[in-house]
file coords_3.cif (mmCIF, C-alpha atoms)
data_entry
#
loop_
_atom_site.label_atom_id
_atom_site.label_comp_id
_atom_site.auth_asym_id
_atom_site.auth_seq_id
_atom_site.Cartn_x
_atom_site.Cartn_y
_atom_site.Cartn_z
CA MET A 177 115.65 105.18 67.78
CA THR A 178 113.02 107.22 69.59
CA LYS A 179 110.27 105.23 67.87
CA ARG A 180 111.92 101.95 68.80
CA THR A 181 112.39 103.15 72.37
CA PHE A 182 108.74 104.14 72.63
CA ARG A 183 107.61 100.78 71.25
CA ARG A 184 109.70 98.94 73.82
CA ALA A 185 108.41 101.12 76.66
CA PHE A 186 104.82 100.61 75.49
CA LYS A 187 105.28 96.84 75.32
CA ASP A 188 106.78 96.70 78.82
CA SER A 189 103.99 98.88 80.17
CA LEU A 190 101.11 96.64 79.00
CA PRO A 191 100.81 94.53 82.18
CA ILE A 192 100.76 97.77 84.16
CA MET A 193 98.07 99.18 81.87
CA ALA A 194 95.75 96.32 82.86
CA GLY A 195 96.53 96.72 86.55
CA TYR A 196 96.26 100.50 86.64
CA LEU A 197 93.02 100.66 84.70
CA ALA A 198 91.40 98.14 87.04
CA LEU A 199 92.81 99.55 90.30
CA GLY A 200 92.13 103.08 89.07
CA ILE A 201 88.50 102.25 88.30
CA GLY A 202 88.11 100.72 91.76
CA TYR A 203 89.59 103.88 93.22
CA GLY A 204 87.31 106.17 91.21
CA VAL A 205 84.22 104.24 92.32
CA LEU A 206 85.37 104.44 95.96
CA LEU A 207 85.97 108.18 95.64
CA GLN A 208 82.53 108.69 94.09
CA SER A 209 80.89 106.59 96.81
CA LYS A 210 82.29 109.00 99.44
CA GLY A 211 80.80 111.94 97.57
CA TYR A 212 83.82 113.22 95.62
CA SER A 213 83.26 113.91 91.92
CA PHE A 214 85.58 112.98 89.06
CA TRP A 215 87.35 116.35 89.37
CA TRP A 216 88.86 114.95 92.54
CA ALA A 217 89.87 111.81 90.66
CA ILE A 218 91.72 113.96 88.10
CA LEU A 219 93.35 116.17 90.73
CA MET A 220 94.49 113.27 92.90
CA SER A 221 95.68 110.94 90.13
CA VAL A 222 97.66 113.74 88.44
CA THR A 223 99.31 115.22 91.54
CA MET A 224 99.69 112.18 93.84
CA PHE A 225 100.08 109.24 91.42
CA ALA A 226 100.17 106.65 94.19
CA GLY A 227 97.80 103.68 94.55
CA SER A 228 98.00 102.96 98.26
CA GLY A 229 98.49 106.65 99.07
CA GLN A 230 95.33 107.62 97.20
CA TYR A 231 93.21 104.76 98.57
CA ALA A 232 94.22 105.75 102.09
CA GLY A 233 93.72 109.41 101.13
CA VAL A 234 90.00 108.87 100.47
CA ASP A 235 89.74 107.51 104.00
CA PHE A 236 91.45 110.61 105.46
CA MET A 237 89.21 112.92 103.44
CA ALA A 238 85.97 111.10 104.26
CA SER A 239 86.83 110.98 107.97
CA GLY A 240 87.93 114.64 108.00
CA ALA A 241 91.38 113.79 109.40
CA SER A 242 93.50 116.78 110.43
CA LEU A 243 96.18 118.04 108.03
CA LEU A 244 98.87 116.84 110.42
CA THR A 245 97.43 113.32 110.64
CA THR A 246 96.98 113.25 106.87
CA ALA A 247 100.58 114.31 106.27
CA PHE A 248 101.98 111.90 108.84
CA MET A 249 100.02 108.86 107.68
CA THR A 250 100.87 109.62 104.05
CA LEU A 251 104.53 109.79 105.03
CA ILE A 252 104.34 106.35 106.67
CA ILE A 253 102.44 104.72 103.84
CA ASN A 254 104.80 106.11 101.19
CA CYS A 255 108.15 106.01 102.97
CA ARG A 256 108.95 102.82 101.06
CA HIS A 257 109.37 105.07 97.99
CA PHE A 258 112.44 106.51 99.66
CA PHE A 259 114.11 103.13 99.36
CA TYR A 260 113.06 102.70 95.74
CA GLY A 261 114.87 105.95 95.04
CA VAL A 262 117.97 104.78 96.88
CA SER A 263 118.23 101.70 94.69
CA LEU A 264 117.69 103.70 91.48
CA LEU A 265 120.27 106.43 92.23
CA ASP A 266 122.68 104.97 89.69
CA LYS A 267 120.17 104.10 86.97
CA TYR A 268 118.55 107.53 86.97
CA ARG A 269 121.93 109.29 86.93
CA GLY A 270 122.36 111.56 83.93
CA THR A 271 118.73 111.49 82.81
CA GLY A 272 118.82 115.29 82.56
CA VAL A 273 115.56 117.15 81.97
CA PHE A 274 113.55 113.96 82.45
CA LYS A 275 114.89 113.32 85.93
CA PRO A 276 112.40 115.34 88.03
CA TYR A 277 109.44 113.69 86.31
CA LEU A 278 110.97 110.21 86.58
CA ILE A 279 111.38 110.73 90.31
CA PHE A 280 107.89 112.22 90.70
CA GLY A 281 106.38 109.18 88.95
CA LEU A 282 108.31 106.49 90.82
CA THR A 283 105.41 104.20 91.77
CA ASP A 284 105.69 100.59 92.95
CA GLU A 285 104.81 99.36 89.46
CA THR A 286 107.16 101.67 87.53
CA TYR A 287 109.89 100.75 90.00
CA SER A 288 109.31 97.04 89.48
CA ILE A 289 110.18 97.53 85.80
CA THR A 290 112.92 100.16 85.89
CA ALA A 291 114.76 98.34 88.69
CA THR A 292 114.97 95.09 86.74
CA VAL A 293 114.86 96.04 83.02
CA LYS A 294 117.92 95.45 80.85
CA LEU A 295 118.25 97.79 77.88
CA ASP A 296 120.64 97.31 74.96
CA ASP A 297 122.29 100.00 72.82
CA THR A 298 119.36 100.32 70.42
CA ILE A 299 117.25 101.84 73.21
CA ASP A 300 117.68 105.38 74.52
CA ALA A 301 117.52 104.65 78.26
CA LYS A 302 116.48 108.07 79.53
CA LYS A 303 113.70 108.36 76.96
CA TYR A 304 112.65 104.80 77.76
CA TYR A 305 112.27 105.66 81.46
CA PHE A 306 110.35 108.80 80.53
CA PHE A 307 107.94 107.04 78.15
CA LEU A 308 107.36 104.25 80.65
CA THR A 309 106.61 106.67 83.49
CA ALA A 310 104.35 108.88 81.35
CA LEU A 311 102.44 105.91 79.90
CA ASN A 312 101.85 104.49 83.36
CA HIS A 313 100.72 107.90 84.60
CA SER A 314 98.25 108.19 81.71
CA TYR A 315 96.78 104.71 82.42
CA TRP A 316 96.38 105.59 86.08
CA ILE A 317 94.63 108.91 85.38
CA THR A 318 92.36 107.25 82.81
CA GLY A 319 91.41 104.46 85.23
CA CYS A 320 90.68 106.82 88.14
CA VAL A 321 88.50 109.12 86.04
CA LEU A 322 86.66 106.22 84.38
CA GLY A 323 85.89 104.78 87.82
CA ALA A 324 84.62 108.09 89.15
CA VAL A 325 82.29 108.45 86.15
CA LEU A 326 81.12 104.81 86.29
CA GLY A 327 80.56 105.23 90.01
CA MET A 328 77.76 107.71 89.30
CA PHE A 329 75.79 105.02 87.48
CA LEU A 330 76.56 102.03 89.68
CA PRO A 331 73.36 99.94 89.86
CA PHE A 332 74.11 98.54 93.34
CA SER A 333 75.24 99.75 96.76
CA SER A 334 78.97 100.30 97.07
CA GLU A 335 79.02 99.62 100.82
CA GLY A 336 82.18 97.69 101.65
CA ILE A 337 84.20 98.87 98.65
CA ASP A 338 86.72 100.41 101.08
CA PHE A 339 88.02 96.88 101.50
CA ALA A 340 90.00 97.50 98.27
CA MET A 341 92.79 99.16 100.26
CA THR A 342 92.97 96.25 102.73
CA ALA A 343 93.00 93.73 99.89
CA LEU A 344 95.75 95.66 98.09
CA PHE A 345 98.01 95.73 101.16
CA ILE A 346 97.34 92.03 101.83
CA VAL A 347 98.31 91.21 98.24
CA ILE A 348 101.55 93.20 98.53
CA MET A 349 102.31 91.38 101.78
CA VAL A 350 101.63 87.91 100.32
CA GLU A 351 103.75 88.82 97.29
CA GLN A 352 106.63 89.89 99.56
CA TRP A 353 106.20 86.80 101.71
CA LEU A 354 106.40 84.41 98.74
CA ASP A 355 109.38 86.26 97.30
CA SER A 356 111.49 86.25 100.45
CA LYS A 357 112.99 83.55 102.63
CA GLU A 358 113.34 85.87 105.63
CA HIS A 359 109.96 86.52 107.26
CA LEU A 360 111.13 88.15 110.50
CA PRO A 361 110.67 91.79 109.31
CA ALA A 362 107.09 91.11 108.20
CA LEU A 363 106.30 89.27 111.44
CA LEU A 364 107.81 92.06 113.55
CA GLY A 365 105.71 94.57 111.60
CA VAL A 366 102.44 92.71 112.17
CA GLY A 367 103.12 91.57 115.75
CA THR A 368 104.39 94.91 117.02
CA THR A 369 101.50 96.80 115.45
CA VAL A 370 98.87 94.44 116.89
CA LEU A 371 100.40 94.84 120.37
CA CYS A 372 100.54 98.63 120.01
CA LEU A 373 96.93 98.70 118.80
CA ILE A 374 95.85 96.81 121.92
CA ILE A 375 97.98 98.89 124.29
CA PHE A 376 97.63 102.41 122.83
CA GLY A 377 94.25 102.14 121.09
CA ALA A 378 93.12 102.85 117.51
CA GLU A 379 93.86 106.59 117.76
CA TYR A 380 97.47 106.57 118.83
CA PHE A 381 99.11 103.25 117.94
CA ILE A 382 100.94 104.16 114.72
CA VAL A 383 103.77 106.30 116.15
CA PRO A 384 104.78 103.85 118.90
CA ALA A 385 104.43 100.93 116.48
CA LEU A 386 106.75 102.61 113.98
CA ALA A 387 109.30 103.48 116.69
CA PHE A 388 109.31 99.94 118.12
CA ILE A 389 109.60 98.38 114.66
CA ALA A 390 112.60 100.56 113.78
CA ALA A 391 114.24 99.72 117.13
CA GLU A 392 113.61 95.99 116.68
CA LEU A 393 115.05 96.04 113.17
CA MET A 394 118.21 97.69 114.52
CA ILE A 395 118.44 95.06 117.29
CA PHE A 396 118.15 92.25 114.73
CA ARG A 397 120.50 93.92 112.27
CA LYS A 398 123.27 91.36 112.64
CA LYS A 399 120.90 88.53 111.89
CA LEU A 400 119.01 90.26 109.08
CA ASP A 401 121.59 92.40 107.31
CA LYS A 402 122.67 90.69 104.12
CA THR A 403 123.30 93.91 102.22
CA THR A 404 126.65 95.12 103.48
CA GLU A 405 130.19 93.82 103.75
CA GLU A 406 130.36 95.39 107.18
CA ALA A 407 127.60 93.12 108.48
CA LYS A 408 129.18 90.04 106.94
CA ALA A 409 132.52 90.92 108.49
CA ASP A 410 130.87 91.15 111.91
CA ASP A 411 129.57 87.57 111.76
CA MET B 279 79.92 127.20 101.58
CA THR B 280 82.77 125.37 99.97
CA ASN B 281 84.76 123.11 102.24
CA LEU B 282 88.43 123.55 101.37
CA HIS B 283 89.73 120.99 103.85
CA PRO B 284 89.81 118.04 101.38
CA LEU B 285 91.65 120.23 98.86
CA PHE B 286 94.33 121.08 101.42
CA GLN B 287 94.53 117.38 102.32
CA VAL B 288 95.14 116.43 98.68
CA LEU B 289 97.81 119.12 98.26
CA ILE B 290 99.59 118.01 101.43
CA MET B 291 99.42 114.35 100.43
CA ALA B 292 100.82 115.17 96.99
CA ALA B 293 103.66 117.18 98.58
CA VAL B 294 104.49 114.42 101.08
CA ILE B 295 104.47 111.70 98.41
CA ALA B 296 106.75 113.79 96.17
CA PHE B 297 109.00 114.39 99.20
CA THR B 298 109.38 110.63 99.83
CA ARG B 299 110.34 110.14 96.19
CA PHE B 300 112.75 113.08 95.86
CA LEU B 301 114.49 112.76 99.24
CA PRO B 302 117.00 110.02 98.27
CA PHE B 303 118.09 111.97 95.20
CA ILE B 304 118.55 115.11 97.29
CA ALA B 305 120.21 113.37 100.25
CA PHE B 306 122.60 111.34 98.10
CA PRO B 307 123.60 113.50 95.14
CA GLU B 308 125.23 111.82 92.16
CA GLY B 309 128.42 110.09 93.18
CA ARG B 310 128.00 110.33 96.98
CA LYS B 311 128.25 107.07 98.93
CA ARG B 312 125.24 106.14 101.06
CA PRO B 313 125.52 104.85 104.64
CA ALA B 314 125.26 101.08 105.14
CA VAL B 315 122.43 101.48 107.63
CA ILE B 316 120.25 103.07 104.92
CA THR B 317 120.89 100.16 102.59
CA TYR B 318 120.06 97.76 105.42
CA LEU B 319 116.81 99.52 106.35
CA GLY B 320 115.89 99.62 102.67
CA SER B 321 116.15 95.85 102.58
CA VAL B 322 113.96 95.13 105.63
CA LEU B 323 111.73 98.12 106.38
CA PRO B 324 109.36 97.73 103.38
CA TYR B 325 108.38 94.26 104.68
CA ALA B 326 107.74 95.52 108.21
CA ILE B 327 105.84 98.60 107.02
CA ILE B 328 103.46 96.58 104.85
CA GLY B 329 102.81 94.30 107.83
CA MET B 330 102.02 97.38 109.88
CA LEU B 331 99.70 98.77 107.19
CA VAL B 332 97.73 95.53 106.95
CA VAL B 333 97.06 95.76 110.70
CA TYR B 334 96.22 99.48 110.26
CA CYS B 335 93.44 98.52 107.82
CA PHE B 336 91.76 96.45 110.54
CA LYS B 337 91.99 99.05 113.30
CA GLY B 338 88.25 99.83 113.20
CA VAL B 339 87.13 96.19 113.56
CA SER B 340 85.47 95.29 116.88
CA VAL B 341 86.36 91.71 117.70
CA PHE B 342 84.01 91.48 120.71
CA GLN B 343 80.87 92.80 119.05
CA TYR B 344 78.65 91.30 116.34
CA PRO B 345 79.74 90.37 113.66
CA TYR B 346 83.06 89.87 115.54
CA GLY B 347 85.19 90.91 112.56
CA LEU B 348 84.03 87.87 110.62
CA PRO B 349 83.43 89.66 107.27
CA GLU B 350 86.97 91.09 107.42
CA LEU B 351 88.48 87.76 108.46
CA ILE B 352 86.70 85.77 105.73
CA ALA B 353 87.46 88.30 102.99
CA ALA B 354 91.11 88.61 104.06
CA ALA B 355 91.50 84.82 104.08
CA PHE B 356 89.97 84.75 100.61
CA VAL B 357 92.50 87.34 99.34
CA VAL B 358 95.44 85.41 100.83
CA GLY B 359 94.18 82.09 99.44
CA MET B 360 93.50 83.46 95.96
CA HIS B 361 96.83 85.19 95.83
CA VAL B 362 98.87 82.19 96.96
CA TRP B 363 96.97 80.13 94.38
CA LEU B 364 96.98 82.37 91.28
CA ARG B 365 99.31 85.28 92.18
CA ASN B 366 97.16 87.60 90.09
CA THR B 367 96.79 90.96 91.85
CA LEU B 368 93.59 91.95 90.05
CA ILE B 369 91.75 88.69 90.76
CA SER B 370 92.84 88.76 94.41
CA VAL B 371 91.88 92.42 95.02
CA PHE B 372 88.60 92.45 93.10
CA GLY B 373 87.58 89.01 94.34
CA GLY B 374 88.30 90.07 97.92
CA VAL B 375 86.30 93.28 97.55
CA ALA B 376 83.38 91.38 95.98
CA VAL B 377 83.37 88.82 98.82
CA TYR B 378 83.52 91.58 101.43
CA MET B 379 80.74 93.61 99.81
CA LEU B 380 78.47 90.53 99.61
CA LEU B 381 79.21 89.70 103.26
CA VAL B 382 78.49 93.18 104.68
CA GLN B 383 75.49 93.84 102.44
CA LEU B 384 73.74 90.47 102.38
CA VAL B 385 75.03 88.16 105.09
CA PHE B 386 75.91 90.09 108.26
#
call {"tool": "encode", "arguments": {"input": "coords_3.cif", "output": "C-alpha cells"}}
result
Amino acid sequence: MTKRTFRRAFKDSLPIMAGYLALGIGYGVLLQSKGYSFWWAILMSVTMFAGSGQYAGVDFMASGASLLTTAFMTLIINCRHFFYGVSLLDKYRGTGVFKPYLIFGLTDETYSITATVKLDDTIDAKKYYFFLTALNHSYWITGCVLGAVLGMFLPFSSEGIDFAMTALFIVIMVEQWLDSKEHLPALLGVGTTVLCLIIFGAEYFIVPALAFIAAELMIFRKKLDKTTEEAKADD
Amino acid sequence: MTNLHPLFQVLIMAAVIAFTRFLPFIAFPEGRKRPAVITYLGSVLPYAIIGMLVVYCFKGVSVFQYPYGLPELIAAAFVVGMHVWLRNTLISVFGGVAVYMLLVQLVF
C-alpha cells in the first residue's frame, strides 16, 4: 500500500516538478545575481519553502531592509497561507507524526493538490500527503540550487531578472481573475494600494493599504460573503 | 568581516512563513468551530492581497521620468496576454522576464 501511495503521490506531483524546477532555477539565478552563493539557495529553500516569499526575500536582503520590515512584509505576502490552513483543518486531522511537516510545507502548489484530491481506500492518505509535500520540497530545493550554480556561468547580463517576482504575482492574479466571477476584492486591492502609494509614498503605503482593504472588505461583506449561512440569512 | 544581517533576515522570514502556516492549526484545534468572519475573509482576502502585491512590485517605477515605466508596462501586458491566451505559468513568467530583460538591457 505504501508503494502504491508513493506512486500516486509521485504521479500527482509531476506538474509541480516542472514548475518548481523552472521557478527554482529562476530564483537561484536571481539570488546569484545579487551576490548570494548557492549556500543561500539551500538555506532559503529548505527553511522557507515559499516561492513568492523567497523572491521577495532576495529583494529585502539586497536592499538591506530592517528585520522589522522584512518580518512585516513577509507576513503580508504569506498571510494567504493562513487561509489555506483553515480550509485544510479537516483533511489534515489525524495525520499524526506527519502533521507538523505537512503544515510547514503547505505551499500554494501543494495546497492546490491536497485541497482538491480525492483518495480511495487503496491509498494511505496521511502518507500520501507526506510524500507529496516531501517530493515538492525536494524539487524546489533542487531547482533553487541548480539556478544558483547555473547563475555563476550565465553568459549574459542578468539585469532585469527581478521582474520574475512581478510576473509571478501577475500570473497568480490573472489566474484568480479567470477563475472567479466576483472581481471586487481584486479591484479593491489594486485601487486602494495605488491610492495609498500616491498619498503615502513608496516607503509607507503598505500598512494603510492593508488597513483600508480590510475595512472595505468588511463594509462589502453583505454583498461578497457567499460562504456562510449567516450572510445568506441577512439578505 | 562577515555580514550577518542577511542570515538574520532569512531566519526571520522562515519563522514568519512557518507562523502563517501553523497559526490556523493552533488557533482552531481539532474539532473547534471557526468564526464565520474568518471563513469570509479567507474567501476574499487572497484576491485583494495579490492585487496589492502586484502594485507593490511597481512601487519603484517613476512614471514621470524616462523611460516612464514603459518597460514594466510592456512586460506586464505581455505576461497578462500570454497568460490569458495559454494559461501556462512557466511560459508567462519566463516570457515576461525575457521581454523585460531585453527591454531594459537593449531598448531603453
call {"tool": "interface_residues", "arguments": {"input": "coords_3.cif", "of": "chain B", "to": "chain A", "cutoff": "7 Å", "atoms": "all atoms listed in the file", "output": "number ranges by chain"}}
result
B: 284, 287-288, 290-292, 294-296, 298-303, 308, 314, 317-318, 320, 322, 324-333, 335, 337, 354, 357-358, 361, 367-368, 371, 374-375, 378-379, 382-383
call {"tool": "closest_residue", "arguments": {"input": "coords_3.cif", "among": "B:Leu282, B:Val362, B:Val385, B:Ile304", "to": "Pro345 of chain B", "atoms": "all atoms listed in the file"}}
result
B:Val385
call {"tool": "resolve_selection", "arguments": {"input": "coords_3.cif", "expression": "the PyMOL selection byres ((chain A and resi 193) around 12)", "output": "JSON, numbers by chain"}}
result
{"A": [185, 186, 187, 188, 189, 190, 191, 192, 194, 195, 196, 197, 198, 199, 200, 201, 285, 286, 308, 309, 310, 311, 312, 313, 314, 315, 316, 317, 318, 319], "B": [368]}
call {"tool": "write_last_selection", "arguments": {"input": "coords_3.cif", "atoms": "C-alpha atoms", "output": "PDB file, in the coordinates of the input"}}
result
ATOM      1  CA  ALA A 185     108.410 101.120  76.660  1.00  0.00           C
ATOM      2  CA  PHE A 186     104.820 100.610  75.490  1.00  0.00           C
ATOM      3  CA  LYS A 187     105.280  96.840  75.320  1.00  0.00           C
ATOM      4  CA  ASP A 188     106.780  96.700  78.820  1.00  0.00           C
ATOM      5  CA  SER A 189     103.990  98.880  80.170  1.00  0.00           C
ATOM      6  CA  LEU A 190     101.110  96.640  79.000  1.00  0.00           C
ATOM      7  CA  PRO A 191     100.810  94.530  82.180  1.00  0.00           C
ATOM      8  CA  ILE A 192     100.760  97.770  84.160  1.00  0.00           C
ATOM      9  CA  ALA A 194      95.750  96.320  82.860  1.00  0.00           C
ATOM     10  CA  GLY A 195      96.530  96.720  86.550  1.00  0.00           C
ATOM     11  CA  TYR A 196      96.260 100.500  86.640  1.00  0.00           C
ATOM     12  CA  LEU A 197      93.020 100.660  84.700  1.00  0.00           C
ATOM     13  CA  ALA A 198      91.400  98.140  87.040  1.00  0.00           C
ATOM     14  CA  LEU A 199      92.810  99.550  90.300  1.00  0.00           C
ATOM     15  CA  GLY A 200      92.130 103.080  89.070  1.00  0.00           C
ATOM     16  CA  ILE A 201      88.500 102.250  88.300  1.00  0.00           C
ATOM     17  CA  GLU A 285     104.810  99.360  89.460  1.00  0.00           C
ATOM     18  CA  THR A 286     107.160 101.670  87.530  1.00  0.00           C
ATOM     19  CA  LEU A 308     107.360 104.250  80.650  1.00  0.00           C
ATOM     20  CA  THR A 309     106.610 106.670  83.490  1.00  0.00           C
ATOM     21  CA  ALA A 310     104.350 108.880  81.350  1.00  0.00           C
ATOM     22  CA  LEU A 311     102.440 105.910  79.900  1.00  0.00           C
ATOM     23  CA  ASN A 312     101.850 104.490  83.360  1.00  0.00           C
ATOM     24  CA  HIS A 313     100.720 107.900  84.600  1.00  0.00           C
ATOM     25  CA  SER A 314      98.250 108.190  81.710  1.00  0.00           C
ATOM     26  CA  TYR A 315      96.780 104.710  82.420  1.00  0.00           C
ATOM     27  CA  TRP A 316      96.380 105.590  86.080  1.00  0.00           C
ATOM     28  CA  ILE A 317      94.630 108.910  85.380  1.00  0.00           C
ATOM     29  CA  THR A 318      92.360 107.250  82.810  1.00  0.00           C
ATOM     30  CA  GLY A 319      91.410 104.460  85.230  1.00  0.00           C
TER      31      GLY A 319
ATOM     32  CA  LEU B 368      93.590  91.950  90.050  1.00  0.00           C
TER      33      LEU B 368
END
call {"tool": "atom_distance", "arguments": {"input": "coords_3.cif", "atom1": "atom CA of Leu380 of chain B", "atom2": "atom CA of Ser213 of chain A"}}
result
25.1 Å
call {"tool": "atom_distance", "arguments": {"input": "coords_3.cif", "atom1": "atom CA of Thr181 of chain A", "atom2": "atom CA of Asp300 of chain A"}}
result
6.1 Å
call {"tool": "atom_distance", "arguments": {"input": "coords_3.cif", "atom1": "atom CA of Cys320 of chain A", "atom2": "atom CA of Leu285 of chain B"}}
result
17.2 Å
call {"tool": "axis_aligned_box", "arguments": {"input": "coords_3.cif", "around": "segment 310-317 of chain A", "padding_each_side": "3 Å", "output": "AutoDock Vina command-line options"}}
result
--center_x 99.5 --center_y 106.7 --center_z 83.0 --size_x 15.7 --size_y 10.4 --size_z 12.2
call {"tool": "decode", "arguments": {"input": "coords_3.cif", "residues": "segment 295-363 of chain B", "atoms": "C-alpha atoms", "output": "mmCIF file, in the first residue's frame"}}
result
data_model
loop_
_atom_site.group_PDB
_atom_site.id
_atom_site.type_symbol
_atom_site.label_atom_id
_atom_site.label_comp_id
_atom_site.auth_asym_id
_atom_site.auth_seq_id
_atom_site.Cartn_x
_atom_site.Cartn_y
_atom_site.Cartn_z
ATOM 1 C CA ILE B 295 6.279 31.897 6.972
ATOM 2 C CA ALA B 296 6.031 28.910 9.332
ATOM 3 C CA PHE B 297 3.910 31.065 11.663
ATOM 4 C CA THR B 298 1.410 31.869 8.869
ATOM 5 C CA ARG B 299 1.122 28.165 8.095
ATOM 6 C CA PHE B 300 0.839 26.880 11.671
ATOM 7 C CA LEU B 301 -1.443 29.590 13.065
ATOM 8 C CA PRO B 302 -4.779 28.151 11.817
ATOM 9 C CA PHE B 303 -3.962 24.740 13.269
ATOM 10 C CA ILE B 304 -3.051 26.327 16.606
ATOM 11 C CA ALA B 305 -5.964 28.782 16.680
ATOM 12 C CA PHE B 306 -8.564 26.194 15.678
ATOM 13 C CA PRO B 307 -7.586 22.897 17.287
ATOM 14 C CA GLU B 308 -9.213 19.721 16.013
ATOM 15 C CA GLY B 309 -12.957 19.883 16.413
ATOM 16 C CA ARG B 310 -13.268 23.595 17.284
ATOM 17 C CA LYS B 311 -15.660 25.651 15.148
ATOM 18 C CA ARG B 312 -14.163 28.662 13.357
ATOM 19 C CA PRO B 313 -15.839 32.082 13.259
ATOM 20 C CA ALA B 314 -17.792 32.958 10.103
ATOM 21 C CA VAL B 315 -15.793 36.144 9.596
ATOM 22 C CA ILE B 316 -12.591 34.090 9.195
ATOM 23 C CA THR B 317 -14.220 31.928 6.550
ATOM 24 C CA TYR B 318 -15.441 35.072 4.798
ATOM 25 C CA LEU B 319 -12.036 36.784 4.852
ATOM 26 C CA GLY B 320 -10.469 33.550 3.616
ATOM 27 C CA SER B 321 -12.717 33.706 0.579
ATOM 28 C CA VAL B 322 -11.968 37.327 -0.402
ATOM 29 C CA LEU B 323 -8.677 38.457 1.147
ATOM 30 C CA PRO B 324 -6.353 36.342 -1.069
ATOM 31 C CA TYR B 325 -7.715 38.173 -4.149
ATOM 32 C CA ALA B 326 -7.249 41.614 -2.595
ATOM 33 C CA ILE B 327 -3.770 40.787 -1.261
ATOM 34 C CA ILE B 328 -2.494 39.615 -4.633
ATOM 35 C CA GLY B 329 -3.830 42.835 -6.169
ATOM 36 C CA MET B 330 -1.931 44.752 -3.525
ATOM 37 C CA LEU B 331 1.276 42.775 -4.151
ATOM 38 C CA VAL B 332 1.144 43.420 -7.894
ATOM 39 C CA VAL B 333 1.047 47.159 -7.164
ATOM 40 C CA TYR B 334 3.842 46.681 -4.590
ATOM 41 C CA CYS B 335 6.086 45.278 -7.347
ATOM 42 C CA PHE B 336 5.747 48.543 -9.281
ATOM 43 C CA LYS B 337 6.417 50.872 -6.359
ATOM 44 C CA GLY B 338 9.895 51.836 -7.608
ATOM 45 C CA VAL B 339 8.746 52.828 -11.113
ATOM 46 C CA SER B 340 8.911 56.551 -11.924
ATOM 47 C CA VAL B 341 6.063 57.371 -14.267
ATOM 48 C CA PHE B 342 7.216 60.957 -14.933
ATOM 49 C CA GLN B 343 10.833 60.205 -15.802
ATOM 50 C CA TYR B 344 12.372 58.430 -18.792
ATOM 51 C CA PRO B 345 11.542 55.637 -19.643
ATOM 52 C CA TYR B 346 8.186 56.468 -17.963
ATOM 53 C CA GLY B 347 7.637 52.904 -16.719
ATOM 54 C CA LEU B 348 7.326 51.668 -20.292
ATOM 55 C CA PRO B 349 9.482 48.510 -19.878
ATOM 56 C CA GLU B 350 7.363 47.471 -16.873
ATOM 57 C CA LEU B 351 4.104 48.294 -18.652
ATOM 58 C CA ILE B 352 5.022 46.399 -21.837
ATOM 59 C CA ALA B 353 6.363 43.352 -19.990
ATOM 60 C CA ALA B 354 3.344 43.251 -17.651
ATOM 61 C CA ALA B 355 0.957 43.474 -20.615
ATOM 62 C CA PHE B 356 2.881 40.638 -22.246
ATOM 63 C CA VAL B 357 2.501 38.460 -19.118
ATOM 64 C CA VAL B 358 -1.248 39.152 -18.903
ATOM 65 C CA GLY B 359 -1.746 38.494 -22.627
ATOM 66 C CA MET B 360 0.273 35.275 -22.631
ATOM 67 C CA HIS B 361 -1.463 34.002 -19.553
ATOM 68 C CA VAL B 362 -4.987 34.715 -20.768
ATOM 69 C CA TRP B 363 -4.038 33.015 -24.037
#
